[in-house]
file work39.txt (compact mmCIF, N, CA and C atoms)
# COMPACT_ATOMS: atom_id res chain seq x y z
N GLN W 12 31.57 37.72 25.84
CA GLN W 12 30.56 37.09 25.01
C GLN W 12 31.24 36.37 23.84
N VAL W 13 30.83 35.14 23.64
CA VAL W 13 31.38 34.35 22.53
C VAL W 13 30.28 34.10 21.51
N GLN W 14 30.56 34.41 20.27
CA GLN W 14 29.63 34.12 19.19
C GLN W 14 30.35 33.37 18.07
N LEU W 15 29.63 32.42 17.51
CA LEU W 15 30.11 31.68 16.35
C LEU W 15 29.05 31.79 15.27
N VAL W 16 29.45 32.18 14.09
CA VAL W 16 28.51 32.39 13.00
C VAL W 16 28.96 31.57 11.79
N GLU W 17 28.10 30.62 11.40
CA GLU W 17 28.41 29.79 10.24
C GLU W 17 27.75 30.35 8.99
N SER W 18 28.36 30.04 7.86
CA SER W 18 27.79 30.40 6.57
C SER W 18 28.37 29.47 5.51
N GLY W 19 27.83 29.56 4.31
CA GLY W 19 28.38 28.81 3.20
C GLY W 19 27.56 27.60 2.76
N GLY W 20 26.50 27.29 3.51
CA GLY W 20 25.67 26.17 3.12
C GLY W 20 24.85 26.48 1.88
N GLY W 21 24.15 25.46 1.40
CA GLY W 21 23.31 25.65 0.24
C GLY W 21 22.90 24.33 -0.37
N LEU W 22 22.33 24.43 -1.55
CA LEU W 22 21.89 23.25 -2.30
C LEU W 22 22.97 22.89 -3.32
N VAL W 23 23.37 21.64 -3.33
CA VAL W 23 24.41 21.20 -4.25
C VAL W 23 24.07 19.82 -4.77
N GLN W 24 24.48 19.52 -5.96
CA GLN W 24 24.22 18.22 -6.55
C GLN W 24 25.20 17.17 -5.99
N PRO W 25 24.82 15.92 -6.01
CA PRO W 25 25.75 14.87 -5.58
C PRO W 25 27.07 14.97 -6.34
N GLY W 26 28.15 14.80 -5.60
CA GLY W 26 29.47 14.94 -6.19
C GLY W 26 30.03 16.34 -6.14
N GLY W 27 29.18 17.29 -5.75
CA GLY W 27 29.61 18.69 -5.70
C GLY W 27 30.36 19.03 -4.43
N SER W 28 30.72 20.31 -4.31
CA SER W 28 31.52 20.78 -3.18
C SER W 28 30.93 22.07 -2.61
N LEU W 29 31.20 22.28 -1.34
CA LEU W 29 30.86 23.51 -0.65
C LEU W 29 31.96 23.80 0.35
N THR W 30 32.13 25.07 0.68
CA THR W 30 33.04 25.44 1.77
C THR W 30 32.25 26.21 2.82
N LEU W 31 32.21 25.66 4.01
CA LEU W 31 31.53 26.29 5.13
C LEU W 31 32.52 27.13 5.93
N SER W 32 32.03 28.22 6.51
CA SER W 32 32.85 29.08 7.35
C SER W 32 32.24 29.20 8.73
N CYS W 33 33.09 29.33 9.71
CA CYS W 33 32.66 29.59 11.08
C CYS W 33 33.51 30.74 11.61
N VAL W 34 32.87 31.90 11.75
CA VAL W 34 33.58 33.09 12.22
C VAL W 34 33.34 33.24 13.71
N ALA W 35 34.43 33.35 14.46
CA ALA W 35 34.35 33.49 15.91
C ALA W 35 34.50 34.95 16.33
N SER W 36 33.90 35.28 17.45
CA SER W 36 33.97 36.66 17.95
C SER W 36 35.25 36.91 18.75
N ARG W 37 36.06 35.87 18.92
CA ARG W 37 37.32 36.02 19.61
C ARG W 37 38.42 35.35 18.78
N VAL W 38 39.65 35.69 19.06
CA VAL W 38 40.74 35.07 18.33
C VAL W 38 40.72 33.57 18.57
N LEU W 39 41.03 32.82 17.54
CA LEU W 39 40.95 31.37 17.63
C LEU W 39 41.88 30.80 18.70
N ALA W 40 42.96 31.45 18.93
CA ALA W 40 43.92 30.95 19.93
C ALA W 40 43.36 31.00 21.35
N SER W 41 42.28 31.75 21.56
CA SER W 41 41.69 31.83 22.89
C SER W 41 40.78 30.64 23.20
N PHE W 42 40.48 29.86 22.17
CA PHE W 42 39.59 28.73 22.37
C PHE W 42 40.37 27.46 22.68
N GLY W 43 39.69 26.54 23.33
CA GLY W 43 40.21 25.20 23.49
C GLY W 43 39.83 24.39 22.27
N PRO W 44 39.43 23.14 22.47
CA PRO W 44 39.04 22.33 21.32
C PRO W 44 37.85 22.93 20.56
N MET W 45 37.84 22.72 19.26
CA MET W 45 36.72 23.14 18.43
C MET W 45 36.25 21.92 17.64
N ALA W 46 35.09 22.05 17.05
CA ALA W 46 34.56 20.92 16.28
C ALA W 46 33.49 21.39 15.31
N TRP W 47 33.29 20.63 14.29
CA TRP W 47 32.14 20.76 13.40
C TRP W 47 31.25 19.54 13.64
N PHE W 48 29.96 19.81 13.83
CA PHE W 48 28.95 18.77 13.97
C PHE W 48 27.93 18.93 12.84
N ARG W 49 27.12 17.90 12.69
CA ARG W 49 25.97 18.02 11.79
C ARG W 49 24.80 17.26 12.38
N GLN W 50 23.62 17.69 12.00
CA GLN W 50 22.41 17.01 12.44
C GLN W 50 21.37 17.04 11.34
N ALA W 51 20.94 15.86 10.97
CA ALA W 51 19.89 15.72 9.97
C ALA W 51 18.55 15.58 10.69
N PRO W 52 17.46 15.93 10.04
CA PRO W 52 16.14 15.82 10.68
C PRO W 52 15.87 14.40 11.16
N GLY W 53 15.46 14.29 12.40
CA GLY W 53 15.12 12.98 12.95
C GLY W 53 16.30 12.12 13.34
N LYS W 54 17.51 12.68 13.24
CA LYS W 54 18.70 11.90 13.57
C LYS W 54 19.48 12.56 14.69
N GLN W 55 20.32 11.75 15.33
CA GLN W 55 21.22 12.29 16.35
C GLN W 55 22.28 13.15 15.68
N ARG W 56 22.81 14.08 16.43
CA ARG W 56 23.88 14.87 15.85
C ARG W 56 25.14 14.01 15.76
N GLU W 57 25.96 14.33 14.77
CA GLU W 57 27.18 13.58 14.51
C GLU W 57 28.37 14.52 14.57
N LEU W 58 29.45 14.03 15.11
CA LEU W 58 30.70 14.77 15.07
C LEU W 58 31.32 14.56 13.68
N VAL W 59 31.56 15.64 12.99
CA VAL W 59 32.18 15.58 11.66
C VAL W 59 33.70 15.62 11.80
N VAL W 60 34.19 16.58 12.55
CA VAL W 60 35.63 16.68 12.78
C VAL W 60 35.87 17.40 14.08
N GLY W 61 36.74 16.87 14.89
CA GLY W 61 37.20 17.54 16.09
C GLY W 61 38.54 18.18 15.82
N ILE W 62 38.76 19.34 16.44
CA ILE W 62 40.02 20.06 16.24
C ILE W 62 40.62 20.32 17.61
N SER W 63 41.80 19.79 17.84
CA SER W 63 42.43 19.96 19.15
C SER W 63 42.85 21.42 19.36
N SER W 64 43.21 21.73 20.59
CA SER W 64 43.66 23.09 20.89
C SER W 64 44.87 23.46 20.04
N GLY W 65 45.66 22.48 19.67
CA GLY W 65 46.82 22.74 18.83
C GLY W 65 46.51 22.78 17.35
N GLY W 66 45.23 22.56 17.00
CA GLY W 66 44.83 22.65 15.60
C GLY W 66 44.83 21.33 14.85
N THR W 67 45.06 20.22 15.54
CA THR W 67 45.08 18.93 14.87
C THR W 67 43.67 18.40 14.66
N PRO W 68 43.30 18.09 13.41
CA PRO W 68 41.95 17.58 13.16
C PRO W 68 41.85 16.07 13.35
N ASP W 69 40.67 15.65 13.72
CA ASP W 69 40.36 14.22 13.84
C ASP W 69 39.01 14.02 13.17
N TYR W 70 39.02 13.43 11.98
CA TYR W 70 37.82 13.32 11.16
C TYR W 70 37.03 12.06 11.49
N ALA W 71 35.73 12.17 11.37
CA ALA W 71 34.88 10.99 11.44
C ALA W 71 35.16 10.11 10.23
N ASP W 72 35.01 8.82 10.39
CA ASP W 72 35.32 7.90 9.29
C ASP W 72 34.50 8.20 8.04
N PHE W 73 33.27 8.65 8.22
CA PHE W 73 32.40 8.84 7.07
C PHE W 73 32.75 10.07 6.24
N VAL W 74 33.70 10.88 6.70
CA VAL W 74 34.11 12.05 5.91
C VAL W 74 35.59 12.03 5.54
N LYS W 75 36.31 11.05 6.03
CA LYS W 75 37.74 10.99 5.73
C LYS W 75 37.97 10.91 4.22
N GLY W 76 38.86 11.76 3.75
CA GLY W 76 39.15 11.80 2.33
C GLY W 76 38.21 12.69 1.53
N ARG W 77 37.15 13.17 2.17
CA ARG W 77 36.20 14.03 1.45
C ARG W 77 36.12 15.44 2.04
N PHE W 78 36.20 15.58 3.34
CA PHE W 78 36.09 16.88 4.00
C PHE W 78 37.46 17.30 4.53
N VAL W 79 37.71 18.59 4.48
CA VAL W 79 38.98 19.12 4.97
C VAL W 79 38.72 20.37 5.81
N VAL W 80 39.31 20.42 6.97
CA VAL W 80 39.16 21.58 7.84
C VAL W 80 40.43 22.43 7.77
N SER W 81 40.24 23.73 7.84
CA SER W 81 41.37 24.65 7.85
C SER W 81 40.98 25.88 8.66
N ARG W 82 41.91 26.76 8.87
CA ARG W 82 41.61 27.96 9.65
C ARG W 82 42.44 29.14 9.16
N ASN W 83 41.89 30.33 9.34
CA ASN W 83 42.58 31.57 9.06
C ASN W 83 42.56 32.36 10.36
N ASN W 84 43.66 32.33 11.07
CA ASN W 84 43.71 32.98 12.39
C ASN W 84 43.50 34.49 12.29
N ALA W 85 43.97 35.09 11.20
CA ALA W 85 43.82 36.54 11.05
C ALA W 85 42.36 36.95 10.92
N LYS W 86 41.53 36.02 10.45
CA LYS W 86 40.10 36.31 10.27
C LYS W 86 39.24 35.63 11.34
N ASN W 87 39.87 35.00 12.32
CA ASN W 87 39.13 34.29 13.37
C ASN W 87 38.15 33.30 12.77
N THR W 88 38.55 32.63 11.71
CA THR W 88 37.63 31.80 10.95
C THR W 88 38.15 30.38 10.78
N THR W 89 37.26 29.44 10.98
CA THR W 89 37.53 28.04 10.68
C THR W 89 36.69 27.65 9.48
N TYR W 90 37.28 26.89 8.56
CA TYR W 90 36.59 26.47 7.35
C TYR W 90 36.42 24.96 7.34
N LEU W 91 35.34 24.53 6.71
CA LEU W 91 35.15 23.10 6.47
C LEU W 91 34.81 22.95 4.99
N GLN W 92 35.75 22.37 4.24
CA GLN W 92 35.53 22.14 2.83
C GLN W 92 34.91 20.76 2.65
N LEU W 93 33.77 20.75 1.99
CA LEU W 93 33.03 19.51 1.77
C LEU W 93 33.16 19.13 0.29
N ASN W 94 33.75 17.98 0.02
CA ASN W 94 33.94 17.52 -1.35
C ASN W 94 33.21 16.21 -1.58
N ASN W 95 32.94 15.95 -2.85
CA ASN W 95 32.29 14.69 -3.23
C ASN W 95 31.06 14.43 -2.35
N LEU W 96 30.21 15.42 -2.28
CA LEU W 96 29.06 15.34 -1.39
C LEU W 96 28.07 14.28 -1.85
N ARG W 97 27.41 13.69 -0.87
CA ARG W 97 26.42 12.64 -1.10
C ARG W 97 25.09 13.07 -0.49
N PRO W 98 24.00 12.51 -0.95
CA PRO W 98 22.70 12.88 -0.36
C PRO W 98 22.65 12.68 1.15
N ASP W 99 23.34 11.68 1.67
CA ASP W 99 23.29 11.47 3.11
C ASP W 99 24.16 12.45 3.89
N ASP W 100 24.81 13.38 3.20
CA ASP W 100 25.51 14.48 3.88
C ASP W 100 24.56 15.63 4.18
N THR W 101 23.33 15.54 3.70
CA THR W 101 22.35 16.59 3.96
C THR W 101 22.11 16.73 5.45
N ALA W 102 22.30 17.94 5.97
CA ALA W 102 22.17 18.18 7.40
C ALA W 102 22.40 19.66 7.69
N LEU W 103 22.10 20.02 8.93
CA LEU W 103 22.49 21.34 9.44
C LEU W 103 23.90 21.18 10.02
N TYR W 104 24.83 21.95 9.54
CA TYR W 104 26.21 21.88 9.99
C TYR W 104 26.48 23.08 10.90
N TYR W 105 27.12 22.81 12.04
CA TYR W 105 27.43 23.92 12.94
C TYR W 105 28.76 23.66 13.63
N CYS W 106 29.37 24.73 14.06
CA CYS W 106 30.64 24.62 14.76
C CYS W 106 30.42 24.85 16.25
N GLU W 107 31.29 24.25 17.00
CA GLU W 107 31.30 24.41 18.45
C GLU W 107 32.71 24.72 18.89
N ALA W 108 32.82 25.46 19.98
CA ALA W 108 34.14 25.80 20.51
C ALA W 108 34.06 25.90 22.02
N ARG W 109 35.12 25.52 22.65
CA ARG W 109 35.20 25.61 24.11
C ARG W 109 35.99 26.85 24.49
N TYR W 110 35.36 27.64 25.39
CA TYR W 110 36.03 28.85 25.88
C TYR W 110 35.81 28.93 27.37
N LEU W 111 36.88 28.93 28.11
CA LEU W 111 36.84 28.99 29.58
C LEU W 111 35.88 27.94 30.15
N GLU W 112 36.01 26.72 29.71
CA GLU W 112 35.27 25.56 30.21
C GLU W 112 33.80 25.56 29.83
N ASN W 113 33.38 26.47 28.97
CA ASN W 113 32.02 26.46 28.45
C ASN W 113 32.05 26.17 26.96
N ASP W 114 31.06 25.45 26.48
CA ASP W 114 30.95 25.14 25.06
C ASP W 114 29.94 26.07 24.40
N TYR W 115 30.33 26.61 23.25
CA TYR W 115 29.49 27.53 22.50
C TYR W 115 29.23 26.95 21.12
N ARG W 116 28.04 27.23 20.61
CA ARG W 116 27.62 26.68 19.33
C ARG W 116 26.99 27.78 18.49
N GLY W 117 27.23 27.71 17.18
CA GLY W 117 26.58 28.66 16.29
C GLY W 117 25.20 28.18 15.89
N GLN W 118 24.53 28.97 15.07
CA GLN W 118 23.17 28.62 14.63
C GLN W 118 23.17 27.56 13.54
N GLY W 119 24.29 27.43 12.86
CA GLY W 119 24.38 26.40 11.84
C GLY W 119 24.10 26.92 10.44
N THR W 120 24.51 26.13 9.47
CA THR W 120 24.23 26.44 8.07
C THR W 120 23.78 25.15 7.38
N GLN W 121 22.70 25.25 6.61
CA GLN W 121 22.08 24.07 6.03
C GLN W 121 22.79 23.65 4.76
N VAL W 122 23.10 22.36 4.68
CA VAL W 122 23.65 21.77 3.47
C VAL W 122 22.65 20.74 2.96
N THR W 123 22.24 20.91 1.72
CA THR W 123 21.31 19.98 1.09
C THR W 123 21.94 19.43 -0.18
N VAL W 124 22.04 18.12 -0.25
CA VAL W 124 22.65 17.47 -1.41
C VAL W 124 21.55 16.71 -2.14
N SER W 125 21.24 17.19 -3.32
CA SER W 125 20.13 16.60 -4.07
C SER W 125 20.29 16.91 -5.54
N SER W 126 19.84 15.97 -6.36
CA SER W 126 19.84 16.20 -7.80
C SER W 126 18.49 16.78 -8.24

call {"tool": "encode", "arguments": {"input": "work39.txt", "output": "structure tokens"}}
result
Amino acid sequence: QVQLVESGGGLVQPGGSLTLSCVASRVLASFGPMAWFRQAPGKQRELVVGISSGGTPDYADFVKGRFVVSRNNAKNTTYLQLNNLRPDDTALYYCEARYLENDYRGQGTQVTVSS
């Protein structure tokens, strides 16, 4: 059984920062590619950052220079640091991971950017 649990979302003012966490039920090395996505109400989901099996991130253009992904293998956790947030970053953020040719997704954590 694979579970991914996100946390760390919340309400933040424009220009603020948040750090999201995605805790996996298995060691990170057991997964293939991982990714953070987001979806705003009424919009298609967007890929925020893809992470290769080797841990190399590939950021979407709209977050380059603002968001940073990292991981703590000892805690089976992937982090997404969101900096210089804008109102259009408001969305449900969730992580996905591939395990044995199946893709798994967490429930997501809501990020709201508003003054």

call {"tool": "residues_near_point", "arguments": {"input": "work39.txt", "point": "(41.2, 18.1, 14.1)", "cutoff": "12 Å", "atoms": "only C-alpha atoms", "output": "PyMOL selection string"}}
result
chain W and resi 43-47+58-71+75+78-82+89-91

call {"tool": "closest_residue", "arguments": {"input": "work39.txt", "among": "W:Ala85, W:Ala40, W:Leu31, W:Ala102", "to": "W:Gly19", "atoms": "only C-alpha atoms"}}
result
W:Leu31

call {"tool": "closest_residue", "arguments": {"input": "work39.txt", "among": "W:Asn113, W:Gln12, W:Thr88, W:Asn94", "to": "W:Ser32", "atoms": "all atoms listed in the file"}}
result
W:Thr88

call {"tool": "residues_around", "arguments": {"input": "work39.txt", "residues": "W:Pro98", "least_positions_apart": "5", "cutoff": "8 Å", "atoms": "all atoms listed in the file", "output": "PyMOL selection string"}}
result
chain W and resi 24-26+123-126

call {"tool": "select_by_dssp", "arguments": {"input": "work39.txt", "residues": "stretch 25-118 of chain W", "states": "strand (DSSP E or B)", "output": "PyMOL selection string"}}
result
chain W and resi 29-35+45-50+57-62+68-70+78-83+88-93+102-110+113-116

call {"tool": "atom_distance", "arguments": {"input": "work39.txt", "atom1": "atom CA of W:Thr30", "atom2": "atom CA of W:Lys54"}}
result
23.0 Å

call {"tool": "axis_aligned_box", "arguments": {"input": "work39.txt", "around": "stretch 70-75 of chain W", "padding_each_side": "5 Å", "output": "JSON"}}
result
{"center_x": 35.7, "center_y": 10.7, "center_z": 8.1, "size_x": 16.6, "size_y": 15.5, "size_z": 17.8}

call {"tool": "atom_distance", "arguments": {"input": "work39.txt", "atom1": "atom CA of W:Gly20", "atom2": "atom CA of W:Glu112"}}
result
28.7 Å

call {"tool": "closest_residue", "arguments": {"input": "work39.txt", "among": "W:Gln14, W:Gln50, W:Asn95, W:Gln55", "to": "W:Gly27", "atoms": "all atoms listed in the file"}}
result
W:Asn95
